[in-house]
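Structure first, commentary second.
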Amino acid sequence: MSTGSGSLMWFRKGLRIHDNPALEHASKASNFLYPVFVIDPHYMKPDPTAPSPGSSRAGLNRIRFLLQSLVDLDLSLKKLGSGLLVLKGDPGEVIVRCLKEWDVKKLCFEYDTEPYYQALDGKVKGFASAAGIEVYSPVSHMLFNPAEIIQKNGGRPPLSYQSFLKLAGEPLWMSSSLSMTVSSLPPVGNVANFEVSEVPTVEELGYEEAQQDEFSPFKGGESEALQRLRESIEKKEWVANFEKPKGDPSAFLKPATTVLSPYLKFGCLSSRYFYTCLQDVQKNVKRHTLPPVSLVGQLLWRDFFYTVAFGTPNFDQMRGNKICKQIPWNDDDNLLAAWREARTGYPWIDAIMTQLRKWGWMHHLARHSVACFLTRGDLFVHWEKGRDVFERLLIDSDWAINNGNWLWLSCSSLFYQYNRIYSPISFGKKYDPNGDYIRHFLPVLKDMPKEYIYEPWTAPLSIQNKAKCIIGRDYPKPVVYHDSASKECKKKMAEAYALNQKLTGLVSEEDLINLRRKLEEDQKPEVKNKRQRKLTDGLMVSQSGKTS
């Protein structure tokens, strides 16, 4: 046994050395330091039945990004006389075993607001306290402590961005400087009978090297994060003039954003350090954009979603979620699969879903397009189903932000203008009239003339032949027609909103079943009338043929 006091630093997110108060506290007055990361099968175990390579919870792109981040962290720790101890198993059980078997007086880890970690941390803290071990769990993943903002608001989370900003004010930590470097760390203690490994490769985790022509171009790790941040901050004018709703969702060779979100998600980059850098740029320029559209505004949106999510029970579902409209979404797995597998017949939508599968990332406006299309725009499929696909495949998938965005984009909560719909045709065309983005991610359409690339089903057969892409054979026909589908969706949303208002949000399962039945009945005469009209038109044509 090692003598003297030891500390255990439990890494989960917060995979960095800079601005890491938990690591700083763990190394203070400690003879030994155990920097631990636990490979959690809940997230990392290969699932051969999943629709694309990865575990049941995470696509291979995100697992690879995490492993790269761990390799980088291990190298940084080694330079400081330490090193990462990688253990495998259920994190709660593994950490409790470490505390039992190692001579540890302090347990340090970054505070996490996600329900999964709230439950896990409760168990571990309970054991540590009973064993007389000090627990230090600072809030450093966000700019603000969500619990404090909720307390300021009388125990309820603020449900608008502006009210959040008023309550939040300036972050408290701004009054002192962030600790950006560590000169050295205590040596690693004796690990006794533990099976400790180096950071595994994807193959060592049981994944086959995927046969894919293109992977996520973003590499995980603190070094990469700080490099990207430096490159972004150097473009002072770009930072000062950044405006969120603008930016080009079709720019893939040089994305029109910082692409720092995956680094913030894993804590390879401290959001507090990013915020400080942005404030410095703003002080040194004459004019700059303001929240909600500025880059500082983007960081504040992140905290807004964390706060609402933390203060809302069942935030990640429709049922039992007080702030969520109860809507009778379709339960159509065929439409969901067509969307997920990029075969909706709308090239703009399918190109975005292909980029998601290949890169694990796409521009925020591209995310808005496909989320709107799946839910209230065209297919009327439940937002929870789309959320699951994003949660698994995005490298920057973040529990609060992903759920918050799906609630928002499906007009289930926080945003209610359901008549404003992203067109799956004209929205992309506005940014990329030539369809270069589509040609890159859907090579089957690479020779389609630009007049037809957003609506290839309208191309005459001679043009389809010339482009070597026959619609219905080489590329699918549209699963729905946008004009009629979006009208139908608006009607359903209006009915659902009226029901929620009438029952003051207390809509039961039975109420939803009845509304769904009513909407289906309403739809039948329309379909019948359409068929009748087609038949009549057909008769008119054949009769006019006779008389001529």
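Chain lettering (A, B, ...) mirrors the order of the structure tokens, residue numbering begins at 1 for each chain separately, and ligand numbering begins at 1 in order of display.
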Inset, instruction - Find the residues around Phe415 (chain A) up to 12 Å (only C-alpha atoms counted), leave out those fewer than 4 positions away in its own chain, and share them as a ChimeraX atom specification. - result: /A:159-161,323-325,404-411,419-420
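The residues of region 301-508 of chain A that DSSP assigns to strand (DSSP E or B) on this backbone come out as Asn330, Val381, Ile471 and Tyr475 of chain A.
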Inset, instruction - Can you check which residues of region 312-440 of chain A DSSP gives as alpha helix (DSSP H) on the backbone and send them as a ChimeraX atom specification? - result: /A:333-340,347-359,364-372,383-393,399-409,426-431,436-440
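Residues in contact with region 327-344 of chain A at 8 Å, where only C-alpha atoms are counted and same-chain residues fewer than 5 positions away are skipped, are listed as Ile349, Asp350, Ala351, Met353, Thr354, Leu374, Thr375, Leu379, Phe380, Val381, His382, Lys385, Gly386, Val389, Ser412, Tyr475, Pro476, Lys477, Pro478, Val479, Met493, Ala496, Tyr497, Leu512, Ile513, Leu515 and Arg516 of chain A.
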For the residues selected in the previous step, produce a file with N, CA and C atoms as a PDB file, in the first residue's frame.
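Printed below is part.pdb as written:
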ATOM      1  N   ILE A 349     -32.273  16.549 -48.151  1.00  0.00           N
ATOM      2  CA  ILE A 349     -32.452  15.810 -46.890  1.00  0.00           C
ATOM      3  C   ILE A 349     -31.515  14.592 -46.864  1.00  0.00           C
ATOM      4  N   ASP A 350     -31.473  13.852 -47.965  1.00  0.00           N
ATOM      5  CA  ASP A 350     -30.673  12.614 -48.003  1.00  0.00           C
ATOM      6  C   ASP A 350     -29.170  12.901 -47.941  1.00  0.00           C
ATOM      7  N   ALA A 351     -28.743  14.024 -48.530  1.00  0.00           N
ATOM      8  CA  ALA A 351     -27.316  14.383 -48.468  1.00  0.00           C
ATOM      9  C   ALA A 351     -26.928  14.699 -47.016  1.00  0.00           C
ATOM     10  N   MET A 353     -28.393  13.578 -44.257  1.00  0.00           N
ATOM     11  CA  MET A 353     -28.407  12.341 -43.467  1.00  0.00           C
ATOM     12  C   MET A 353     -27.203  11.454 -43.807  1.00  0.00           C
ATOM     13  N   THR A 354     -26.702  11.562 -45.045  1.00  0.00           N
ATOM     14  CA  THR A 354     -25.486  10.822 -45.413  1.00  0.00           C
ATOM     15  C   THR A 354     -24.275  11.449 -44.727  1.00  0.00           C
ATOM     16  N   LEU A 374     -38.600  15.536 -40.670  1.00  0.00           N
ATOM     17  CA  LEU A 374     -39.055  14.289 -40.034  1.00  0.00           C
ATOM     18  C   LEU A 374     -40.319  14.515 -39.211  1.00  0.00           C
ATOM     19  N   THR A 375     -40.401  15.669 -38.545  1.00  0.00           N
ATOM     20  CA  THR A 375     -41.487  15.878 -37.572  1.00  0.00           C
ATOM     21  C   THR A 375     -42.630  16.688 -38.170  1.00  0.00           C
ATOM     22  N   LEU A 379     -43.097  14.471 -42.471  1.00  0.00           N
ATOM     23  CA  LEU A 379     -43.397  13.047 -42.186  1.00  0.00           C
ATOM     24  C   LEU A 379     -44.227  12.826 -40.929  1.00  0.00           C
ATOM     25  N   PHE A 380     -44.270  13.824 -40.057  1.00  0.00           N
ATOM     26  CA  PHE A 380     -45.035  13.767 -38.804  1.00  0.00           C
ATOM     27  C   PHE A 380     -44.654  12.565 -37.923  1.00  0.00           C
ATOM     28  N   VAL A 381     -43.374  12.219 -37.948  1.00  0.00           N
ATOM     29  CA  VAL A 381     -42.853  11.136 -37.094  1.00  0.00           C
ATOM     30  C   VAL A 381     -42.407  11.751 -35.767  1.00  0.00           C
ATOM     31  N   HIS A 382     -42.528  11.000 -34.688  1.00  0.00           N
ATOM     32  CA  HIS A 382     -42.234  11.471 -33.325  1.00  0.00           C
ATOM     33  C   HIS A 382     -40.804  12.006 -33.196  1.00  0.00           C
ATOM     34  N   LYS A 385     -37.966   9.774 -31.869  1.00  0.00           N
ATOM     35  CA  LYS A 385     -37.314   8.814 -32.775  1.00  0.00           C
ATOM     36  C   LYS A 385     -36.140   9.483 -33.500  1.00  0.00           C
ATOM     37  N   GLY A 386     -36.341  10.716 -33.925  1.00  0.00           N
ATOM     38  CA  GLY A 386     -35.258  11.461 -34.583  1.00  0.00           C
ATOM     39  C   GLY A 386     -34.152  11.782 -33.600  1.00  0.00           C
ATOM     40  N   VAL A 389     -31.745   8.942 -33.206  1.00  0.00           N
ATOM     41  CA  VAL A 389     -30.799   8.794 -34.319  1.00  0.00           C
ATOM     42  C   VAL A 389     -29.653   9.807 -34.166  1.00  0.00           C
ATOM     43  N   SER A 412     -42.609  21.348 -30.167  1.00  0.00           N
ATOM     44  CA  SER A 412     -43.203  20.693 -28.998  1.00  0.00           C
ATOM     45  C   SER A 412     -43.006  21.554 -27.761  1.00  0.00           C
ATOM     46  N   TYR A 475     -32.228   6.077 -57.694  1.00  0.00           N
ATOM     47  CA  TYR A 475     -32.447   6.987 -56.550  1.00  0.00           C
ATOM     48  C   TYR A 475     -33.951   6.997 -56.302  1.00  0.00           C
ATOM     49  N   PRO A 476     -34.380   6.982 -55.023  1.00  0.00           N
ATOM     50  CA  PRO A 476     -35.819   6.790 -54.754  1.00  0.00           C
ATOM     51  C   PRO A 476     -36.716   7.948 -55.193  1.00  0.00           C
ATOM     52  N   LYS A 477     -37.974   7.609 -55.413  1.00  0.00           N
ATOM     53  CA  LYS A 477     -39.014   8.625 -55.604  1.00  0.00           C
ATOM     54  C   LYS A 477     -39.287   9.239 -54.231  1.00  0.00           C
ATOM     55  N   PRO A 478     -39.838  10.457 -54.159  1.00  0.00           N
ATOM     56  CA  PRO A 478     -40.118  11.072 -52.857  1.00  0.00           C
ATOM     57  C   PRO A 478     -41.089  10.223 -52.027  1.00  0.00           C
ATOM     58  N   VAL A 479     -40.819  10.110 -50.723  1.00  0.00           N
ATOM     59  CA  VAL A 479     -41.713   9.318 -49.858  1.00  0.00           C
ATOM     60  C   VAL A 479     -43.037  10.046 -49.631  1.00  0.00           C
ATOM     61  N   MET A 493     -50.970  19.879 -36.518  1.00  0.00           N
ATOM     62  CA  MET A 493     -50.387  20.680 -35.427  1.00  0.00           C
ATOM     63  C   MET A 493     -51.448  21.619 -34.845  1.00  0.00           C
ATOM     64  N   ALA A 496     -53.727  19.635 -32.634  1.00  0.00           N
ATOM     65  CA  ALA A 496     -53.042  19.212 -31.395  1.00  0.00           C
ATOM     66  C   ALA A 496     -52.882  20.408 -30.449  1.00  0.00           C
ATOM     67  N   TYR A 497     -52.499  21.558 -30.996  1.00  0.00           N
ATOM     68  CA  TYR A 497     -52.350  22.759 -30.165  1.00  0.00           C
ATOM     69  C   TYR A 497     -53.698  23.133 -29.514  1.00  0.00           C
ATOM     70  N   LEU A 512     -55.057  11.523 -26.906  1.00  0.00           N
ATOM     71  CA  LEU A 512     -54.197  11.497 -28.102  1.00  0.00           C
ATOM     72  C   LEU A 512     -54.668  10.439 -29.090  1.00  0.00           C
ATOM     73  N   ILE A 513     -55.078   9.279 -28.558  1.00  0.00           N
ATOM     74  CA  ILE A 513     -55.579   8.194 -29.434  1.00  0.00           C
ATOM     75  C   ILE A 513     -56.820   8.684 -30.176  1.00  0.00           C
ATOM     76  N   LEU A 515     -57.673  11.800 -30.839  1.00  0.00           N
ATOM     77  CA  LEU A 515     -57.310  12.834 -31.816  1.00  0.00           C
ATOM     78  C   LEU A 515     -56.677  12.192 -33.057  1.00  0.00           C
ATOM     79  N   ARG A 516     -55.818  11.193 -32.836  1.00  0.00           N
ATOM     80  CA  ARG A 516     -55.178  10.510 -33.967  1.00  0.00           C
ATOM     81  C   ARG A 516     -56.262   9.880 -34.865  1.00  0.00           C
TER      82      ARG A 516
END
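The spacing separating CA of Lys106 (chain A) from CA of Leu8 (chain A) amounts to 6.2 Å.
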Surrounding residues of Ser183 (chain A) excluding itself and chain neighbours under 2 positions, 10 Å, only C-alpha atoms, as a PDB file with N, CA, C and O atoms, in the first residue's frame:
ATOM      1  N   LYS A  79       3.420  13.866 -19.735  1.00  0.00           N
ATOM      2  CA  LYS A  79       4.377  14.979 -19.732  1.00  0.00           C
ATOM      3  C   LYS A  79       4.472  15.621 -18.358  1.00  0.00           C
ATOM      4  O   LYS A  79       5.461  16.270 -18.024  1.00  0.00           O
ATOM      5  N   LEU A  80       3.420  15.461 -17.547  1.00  0.00           N
ATOM      6  CA  LEU A  80       3.385  16.069 -16.208  1.00  0.00           C
ATOM      7  C   LEU A  80       3.763  15.057 -15.118  1.00  0.00           C
ATOM      8  O   LEU A  80       3.514  15.266 -13.937  1.00  0.00           O
ATOM      9  N   GLY A  81       4.345  13.924 -15.537  1.00  0.00           N
ATOM     10  CA  GLY A  81       4.797  12.924 -14.561  1.00  0.00           C
ATOM     11  C   GLY A  81       3.697  12.004 -14.083  1.00  0.00           C
ATOM     12  O   GLY A  81       3.823  11.340 -13.047  1.00  0.00           O
ATOM     13  N   THR A 181      -2.625  26.269 -16.878  1.00  0.00           N
ATOM     14  CA  THR A 181      -1.525  25.296 -16.987  1.00  0.00           C
ATOM     15  C   THR A 181      -1.294  24.594 -15.660  1.00  0.00           C
ATOM     16  O   THR A 181      -1.670  25.088 -14.601  1.00  0.00           O
ATOM     17  N   LEU A 185       2.332  17.018 -11.748  1.00  0.00           N
ATOM     18  CA  LEU A 185       1.295  16.312 -10.984  1.00  0.00           C
ATOM     19  C   LEU A 185       1.954  15.285 -10.078  1.00  0.00           C
ATOM     20  O   LEU A 185       3.054  14.797 -10.384  1.00  0.00           O
TER      21      LEU A 185
END
Inset, instruction - Report the distance between CA of Leu15 (chain A) and CA of Phe194 (chain A) in Å, rounded to one decimal place. - result: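 Interatomic distance, CA of Leu15 (chain A) to CA of Phe194 (chain A): 22.3 Å.
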Rows by chain and residue number, region 132-222 of chain A within 12 Å of region 285-306 of chain A, shortest pair, only C-alpha atoms, as CSV:
residue,atom,partner,partner_atom,distance
A:Val139,CA,A:Asp303,CA,12.0
A:Ser140,CA,A:Asp303,CA,11.6
A:His141,CA,A:Asp303,CA,9.6
A:Met142,CA,A:Asp303,CA,6.2
A:Leu143,CA,A:Asp303,CA,6.7
A:Phe144,CA,A:Asp303,CA,6.9
A:Asn145,CA,A:Asp303,CA,8.8
A:Pro146,CA,A:Tyr306,CA,6.8
A:Ala147,CA,A:Tyr306,CA,10.1
A:Ile149,CA,A:Phe304,CA,9.8
A:Ile150,CA,A:Phe304,CA,10.9
A:Pro157,CA,A:Phe304,CA,9.1
A:Pro158,CA,A:Phe304,CA,8.2
A:Leu159,CA,A:Phe304,CA,8.6
A:Ser160,CA,A:Phe304,CA,8.3
A:Tyr161,CA,A:Phe304,CA,6.5
A:Gln162,CA,A:Pro292,CA,8.6
A:Ser163,CA,A:Phe304,CA,9.7
A:Phe164,CA,A:Phe304,CA,6.4
A:Leu165,CA,A:Leu300,CA,7.8
A:Lys166,CA,A:Phe304,CA,11.4
A:Leu167,CA,A:Phe304,CA,10.7
A:Ala168,CA,A:Leu300,CA,9.3
A:Gly169,CA,A:Leu300,CA,10.6
A:Glu170,CA,A:Leu300,CA,10.9
A:Pro171,CA,A:Leu300,CA,10.7
Inset, instruction - Could you tell me how far CA of Val370 (chain A) lies from CA of Glu509 (chain A), in Å and to one decimal? - result: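 Going from CA of Val370 (chain A) over to CA of Glu509 (chain A) covers 27.4 Å.
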Inset, instruction - Within 8 Å of Phe215 (chain A), counting only C-alpha atoms, which residues show up once you throw out same-chain ones fewer than 5 positions away? Write them as an NGL selection string, please. - result: :A and (61 or 358-359)
Those same residues, written as a compact mmCIF listing (two decimals), in the first residue's frame with N, CA and C atoms?
# COMPACT_ATOMS: atom_id res chain seq x y z
N ASN A 61 -18.06 6.88 -35.14
CA ASN A 61 -17.38 8.18 -35.23
C ASN A 61 -17.15 8.79 -33.84
N LYS A 358 -21.70 9.57 -42.24
CA LYS A 358 -20.28 9.46 -42.56
C LYS A 358 -19.39 10.28 -41.62
N TRP A 359 -19.81 11.49 -41.30
CA TRP A 359 -18.96 12.40 -40.52
C TRP A 359 -19.33 12.46 -39.04
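Between Asp248 (chain A) and the residues A:Leu365, A:Leu87, A:Ala498, A:Ala50, the shortest atom-to-atom distance, using only C-alpha atoms, involves A:Leu365.
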Inset, instruction - Between A:Val281, A:Val94, A:Ala494, A:Cys469, single out the one closest to Glu195 (chain A), counting only C-alpha atoms. - result: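 Looking at the shortest contact to Glu195 (chain A), the residue is A:Val94.
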Inset, instruction - Rank A:Pro443, A:Pro249, A:Gly267, A:Gly320 by their smallest atom-to-atom distance to Lys429 (chain A), using only C-alpha atoms, and report the top residue only. - result: A:Pro249
Inset, instruction - Write out as an NGL selection string which residues come within 10 Å of region 453-455 of chain A when counting only C-alpha atoms, dropping same-chain ones fewer than 2 positions away. - result: :A and (345-349 or 424-429 or 433-436 or 438-439 or 445-451 or 457-459 or 477-478)
Can I get the selection written as a tab-separated table (two decimals), in the first residue's frame, with N, CA, C and O atoms?
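This went into out-v9.tsv:
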chain	number	residue	atom	x	y	z
A	345	GLY	N	-35.92	10.48	-51.02
A	345	GLY	CA	-36.19	10.98	-52.37
A	345	GLY	C	-36.01	12.49	-52.48
A	345	GLY	O	-36.18	13.05	-53.56
A	346	TYR	N	-35.67	13.14	-51.35
A	346	TYR	CA	-35.33	14.58	-51.37
A	346	TYR	C	-33.82	14.70	-51.21
A	346	TYR	O	-33.29	14.47	-50.11
A	347	PRO	N	-33.10	15.04	-52.29
A	347	PRO	CA	-31.63	15.02	-52.23
A	347	PRO	C	-31.04	15.89	-51.11
A	347	PRO	O	-30.05	15.50	-50.49
A	348	TRP	N	-31.63	17.07	-50.84
A	348	TRP	CA	-31.10	17.94	-49.77
A	348	TRP	C	-31.15	17.20	-48.42
A	348	TRP	O	-30.18	17.18	-47.67
A	349	ILE	N	-32.27	16.55	-48.15
A	349	ILE	CA	-32.45	15.81	-46.89
A	349	ILE	C	-31.51	14.59	-46.86
A	349	ILE	O	-30.82	14.34	-45.87
A	424	PRO	N	-37.74	21.36	-48.07
A	424	PRO	CA	-36.65	20.43	-48.41
A	424	PRO	C	-36.10	20.68	-49.82
A	424	PRO	O	-35.15	20.04	-50.24
A	425	ILE	N	-36.70	21.66	-50.52
A	425	ILE	CA	-36.24	21.97	-51.89
A	425	ILE	C	-35.58	23.35	-51.92
A	425	ILE	O	-34.39	23.48	-52.18
A	426	SER	N	-36.34	24.40	-51.57
A	426	SER	CA	-35.82	25.76	-51.79
A	426	SER	C	-34.79	26.19	-50.74
A	426	SER	O	-33.94	27.03	-51.01
A	427	PHE	N	-34.85	25.61	-49.54
A	427	PHE	CA	-33.92	26.06	-48.48
A	427	PHE	C	-32.46	25.78	-48.84
A	427	PHE	O	-31.61	26.66	-48.77
A	428	GLY	N	-32.18	24.57	-49.30
A	428	GLY	CA	-30.81	24.23	-49.69
A	428	GLY	C	-30.37	24.97	-50.95
A	428	GLY	O	-29.23	25.41	-51.07
A	429	LYS	N	-31.33	25.12	-51.88
A	429	LYS	CA	-31.05	25.77	-53.18
A	429	LYS	C	-30.54	27.20	-52.98
A	429	LYS	O	-29.70	27.69	-53.73
A	433	PRO	N	-27.02	26.73	-55.16
A	433	PRO	CA	-27.86	26.52	-56.34
A	433	PRO	C	-27.35	25.42	-57.27
A	433	PRO	O	-28.13	24.75	-57.95
A	434	ASN	N	-26.04	25.20	-57.28
A	434	ASN	CA	-25.48	24.18	-58.17
A	434	ASN	C	-25.61	22.76	-57.61
A	434	ASN	O	-25.44	21.78	-58.31
A	435	GLY	N	-25.89	22.66	-56.29
A	435	GLY	CA	-26.05	21.33	-55.67
A	435	GLY	C	-24.74	20.60	-55.42
A	435	GLY	O	-24.70	19.37	-55.41
A	436	ASP	N	-23.64	21.35	-55.20
A	436	ASP	CA	-22.33	20.70	-54.98
A	436	ASP	C	-22.34	19.79	-53.75
A	436	ASP	O	-21.73	18.72	-53.74
A	438	ILE	N	-24.90	18.19	-52.50
A	438	ILE	CA	-25.64	16.96	-52.86
A	438	ILE	C	-24.75	16.05	-53.71
A	438	ILE	O	-24.66	14.85	-53.47
A	439	ARG	N	-24.06	16.63	-54.70
A	439	ARG	CA	-23.21	15.84	-55.59
A	439	ARG	C	-22.11	15.12	-54.81
A	439	ARG	O	-21.72	14.00	-55.12
A	445	LEU	N	-26.22	11.23	-57.92
A	445	LEU	CA	-26.85	12.38	-58.58
A	445	LEU	C	-25.83	13.35	-59.17
A	445	LEU	O	-26.18	14.46	-59.56
A	446	LYS	N	-24.56	12.93	-59.21
A	446	LYS	CA	-23.50	13.90	-59.57
A	446	LYS	C	-23.64	14.48	-60.98
A	446	LYS	O	-23.17	15.59	-61.24
A	447	ASP	N	-24.31	13.77	-61.87
A	447	ASP	CA	-24.44	14.29	-63.24
A	447	ASP	C	-25.82	14.87	-63.54
A	447	ASP	O	-26.14	15.19	-64.69
A	448	MET	N	-26.64	15.00	-62.49
A	448	MET	CA	-27.98	15.56	-62.69
A	448	MET	C	-27.85	17.07	-62.91
A	448	MET	O	-27.16	17.74	-62.14
A	449	PRO	N	-28.47	17.63	-63.97
A	449	PRO	CA	-28.36	19.09	-64.17
A	449	PRO	C	-28.89	19.86	-62.98
A	449	PRO	O	-29.81	19.39	-62.29
A	450	LYS	N	-28.32	21.04	-62.74
A	450	LYS	CA	-28.67	21.78	-61.52
A	450	LYS	C	-30.15	22.17	-61.48
A	450	LYS	O	-30.72	22.32	-60.40
A	451	GLU	N	-30.79	22.28	-62.64
A	451	GLU	CA	-32.23	22.62	-62.66
A	451	GLU	C	-33.07	21.56	-61.95
A	451	GLU	O	-34.17	21.83	-61.50
A	457	TRP	N	-37.13	13.98	-59.46
A	457	TRP	CA	-38.29	13.27	-60.01
A	457	TRP	C	-39.00	14.10	-61.09
A	457	TRP	O	-39.80	13.58	-61.85
A	458	THR	N	-38.66	15.41	-61.16
A	458	THR	CA	-39.29	16.25	-62.19
A	458	THR	C	-38.50	16.24	-63.50
A	458	THR	O	-38.93	16.81	-64.50
A	459	ALA	N	-37.32	15.62	-63.48
A	459	ALA	CA	-36.48	15.59	-64.69
A	459	ALA	C	-37.10	14.66	-65.73
A	459	ALA	O	-37.52	13.55	-65.40
A	477	LYS	N	-37.97	7.61	-55.41
A	477	LYS	CA	-39.01	8.63	-55.60
A	477	LYS	C	-39.29	9.24	-54.23
A	477	LYS	O	-39.03	8.60	-53.20
A	478	PRO	N	-39.84	10.46	-54.16
A	478	PRO	CA	-40.12	11.07	-52.86
A	478	PRO	C	-41.09	10.22	-52.03
A	478	PRO	O	-42.06	9.69	-52.58
Inset, instruction - Please provide the set of residues having any atom within 8 Å of Glu384 (chain A), restricted to only C-alpha atoms, with same-chain residues fewer than 4 positions apart removed, written as a PyMOL selection string. - result: chain A and resi 316-318+388+406
Legend entry - A:Tyr263, A:Trp102, A:Phe37, A:Tyr437 ranked by distance to Asn190 (chain A), top pick (using only C-alpha atoms):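 When distances to Asn190 (chain A) are compared using only C-alpha atoms, the smallest one comes from A:Trp102.
The residue that comes closest to Lys490 (chain A), out of A:Arg376, A:Arg272, A:Lys518, A:His440 and on the basis of only C-alpha atoms, is A:Arg376.
Take the candidates A:Gly377, A:Pro35, A:Gly360, A:Pro46 and check each one against Phe11 (chain A) using only C-alpha atoms; the shortest distance goes to A:Pro35.
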